[in-house]
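Novice: For reference, the structure I am asking about is given below.
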Amino acid sequence: MRLSRRSLLATTTATLAAVGATPAAARSRSHTGPAEGPTESGRAAPATGGRRLRTGFEQLAADGYAPLGGERVGVVTNPTGITRDVRHIVDVMHADDRVDLTAVFGPEHGFRGTAQAGGSEGRHDDPATGLPVYDTYLKSGRPLADVFTASGVDTVVFDIQDAGARFYTYIWTLYDCMEAARLAGKRFVVLDRPNPVTGRAALGPVLHPEFATFVGRQPIAQAHGMTVAELARLFNAEFLTAPVRLETVRMSGWRRSDFYDASGLPWVPPSPNMPTPETALVYAGTCLFEGTNLSEGRGTTRPFELLGAEGIDGRWAAEANGLGLAGVRLREAYFAPTFSKFQGRTVGGVQLHVHDRKAFDPVRTGVGLLVSAKRTWSGFAWRPDHWIDKLTGSERVRTMIDAGADTDEVVAGWREELATFRRTRREYLLYR
């Protein structure tokens with residue numbers, strides 16, 4: 001893996017709110033993060049016990065939007081950009097005279113979330129606020145910079161809930177918007193939200209640069225174990241052509257070991273096929289089935305938890321359970337997707353039941369399910385376009401499985417590159 005890390009001291013990155021900081025303290029901007037990097041392990045935190053999480057937006061609002069004072073502001077967001085009482089931050093900011101909100105930028109699925117995978121809402125005026133909504137989906141570089149310029153904003157703010165996987169495209173919307181803001185001479189502010197599957201560790205293969213696409217722009221691990229603000233810091237120092245004027249508004253009350261239910265925040269599906277935090281828990285592994293001829297559960301009420309195809313029977317579940325995958329049991333399942341692969345047809349397969357989420361490794365599980373599916377179903381095939389290589393970040397997983405490698409051998413193949421990424425990642429972590 002090739003990483004050319006530039007020192008954070010050479011960038012203009014600033015952190016606006018320290019963990020547990022008061023609004024006054026939040027105005028004291030730190031450039032370096034915690035004195036020592038957080039650990040890679042930890043216990044799942046309880047949802048109660050007196051510790052309350054405050055999102056980046058809550059910190060910003062508590063500070064009276066002071067960091068945005070005197071500037072025309074545009075927000076990159078979607079339906080997940082909500083307050084604890086489920087008001088959208090755009091509606092809240094639009095009604096507040098302390099901030100001059102002048103534009104909204106919608107990603108894949110759109111600002112209000114009306115579009116399916118691979119779609120967006122296009123340029124329109126938001127009926128609720130009258131604000132102009134610009135479409136960022138599939139735009140990058142100079143064309144996206146031109147969108148920011150045309151909008152007339154001085155500062156671009158990002159607030160979207162991530163799912164914790166490299167191929168979940170909102171983090172690359174973040175990356176593209178940072179690069180475009182740099183080109184357009186705009187300031188960029190990231191409002192942090194929890195990684196729903198914890199920030200304990202990075203897992204899985206690291207993208208090889210020659211396989212870069214919108215499901216992976218840069219060499220990070222398949223399950224990155226970072227928040228969007230931490231990713232923004234990494235992107236700014238490691239991967240952007242030159243640093244953008246970046247500022248991050250940290251959460252308070254979040255620990256790296258926290259699953260989403262510890263946050264006390266309502267869950268809004270970040271996309272139509274991410275209905276629950278449990279979906280996010282398995283997604284970094286089972287999304288790999290998008291690269292096969294099996295259904296990944298789209299068109300069911302349990303996308304990415306149900307996997308299957310016509311002709312599969314109980315032998316797959318038995319084989320998969322025999323692998324001893326930590327923290328998960330596989331149930332023989334039958335289902336009929338209402339759209340996507342096998343629409344309207346009954347298929348056989350498995351349902352994942354995670355019983356120990358601290359022990360569960362989604363990427364290892366995804367590989368084990370691929371290995372066992374190929375062994376037990378003669379109809380198994382990769383998508384002809386080798387989409388699996390884009391998802392895993394190289395051709396290695398596909399070619400090793402085709403050569404008969406078992407789960408342990410495939411996982412061992414990315415050990416060195418993952419260790420390198422983990423060392424780099426540690427420089428940019430904001431929480432313990």
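Residues are referred to by chain and number: the chain letter is A, B, ... according to the order shown in the structure tokens, the number counts from 1 in that chain, and ligands are numbered separately from 1 in the order shown.
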Taking the chain letters and numbering used in this document, name the residues of range 155-373 of chain A that DSSP puts in helix (DSSP H, G or I), as a ChimeraX atom specification.
Specialist: /A:170-184,209-211,228-238,260-262,277-291,315-321,362-373
Novice: Applying 10 Å and only C-alpha atoms, which residues near range 366-375 of chain A remain after dropping the ones on its own chain fewer than 6 positions away? List them as a PyMOL selection string.
Specialist: chain A and resi 204+282-289+292+294+307-308+312+315-325+330+349-350+381-382+397-398+400-402+404-408+410-411
Novice: When DSSP works through the backbone of this structure, what residues of range 182-351 of chain A end up as strand (DSSP E), shown as number ranges by chain?
Specialist: A: 187-191, 203-206, 221-223, 245-249, 306-309, 328-335, 347-351
Novice: Using only C-alpha atoms, which residues sit within 8 Å of range 99-116 of chain A once same-chain residues fewer than 2 positions away are excluded, as a VMD selection string?
Specialist: chain A and resid 65 68 to 79 90 93 to 94 96 to 97 118 to 122 131 to 137 151 153 169 to 170 173 271 to 272
Novice: Nearest to Arg422 in chain A among A:Pro143, A:Gly393, A:Gly344, A:Pro205, with distances taken over only C-alpha atoms: which residue is it?
Specialist: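 Ranking A:Pro143, A:Gly393, A:Gly344, A:Pro205 by distance to Arg422 in chain A, first place goes to A:Pro205.
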Novice: Report, in Å with one decimal, the straight-line distance from CA of Phe339 in chain A to CA of Gly297 in chain A.
Specialist: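 A separation of 9.5 Å between them.
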Novice: Quick check, in Å to one decimal: how far apart do CA of Met274 in chain A and CA of Asp261 in chain A lie?
Specialist: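 Those two atoms sit 15.4 Å apart.
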Novice: Provide the CA of Phe211 in chain A to CA of Arg383 in chain A distance in Å, to one decimal place.
Specialist: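 According to the coordinates, CA of Phe211 in chain A and CA of Arg383 in chain A are separated by 15.9 Å.
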Novice: Measuring atom to atom with only C-alpha atoms, identify which of A:Arg345, A:Lys358, A:Arg182, A:Arg87 is nearest to Asn236 in chain A.
Specialist: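 That would be A:Arg182, the residue with the smallest distance to Asn236 in chain A.
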Novice: Using only C-alpha atoms, find each residue of range 150-214 of chain A with at least one atom at most 9 Å away from an atom of range 238-251 of chain A; report its shortest atom-to-atom pair and that distance in Å (one decimal), sort the rows by chain and rising residue number, and return the result as CSV.
Specialist:
```
residue,atom,partner,partner_atom,distance
A:Tyr175,CA,A:Leu240,CA,8.1
A:Met178,CA,A:Val244,CA,6.4
A:Glu179,CA,A:Leu240,CA,6.3
A:Ala180,CA,A:Val244,CA,8.9
A:Ala181,CA,A:Val244,CA,6.9
A:Arg182,CA,A:Val244,CA,4.7
A:Leu183,CA,A:Val244,CA,8.4
A:Gly185,CA,A:Val244,CA,8.1
A:Lys186,CA,A:Arg245,CA,7.3
A:Arg187,CA,A:Arg245,CA,5.0
A:Phe188,CA,A:Leu246,CA,4.9
A:Val189,CA,A:Glu247,CA,4.8
A:Val190,CA,A:Thr248,CA,4.7
A:Leu191,CA,A:Val249,CA,5.0
A:Asp192,CA,A:Arg250,CA,5.4
A:Arg193,CA,A:Met251,CA,6.8
A:Pro194,CA,A:Met251,CA,8.1
```
Novice: Check the smallest atom-to-atom distance from each of A:Gln351, A:Gln218, A:Ser378, A:Thr227 to Leu306 in chain A using only C-alpha atoms, then report the winner.
Specialist: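 Of the candidates, the smallest distance to Leu306 in chain A is held by A:Gln351.
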Novice: Counting only C-alpha atoms, figure out which residue out of A:Gln222, A:Asn273, A:Asn195, A:Thr301 gets nearest to Ser257 in chain A.
Specialist: A:Asn195
Novice: With distances taken over only C-alpha atoms, which residue among A:Phe214, A:Trp267, A:Phe342, A:Phe304 lies nearest Lys139 in chain A?
Specialist: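 Using only C-alpha atoms, Lys139 in chain A sits closest to A:Phe214.
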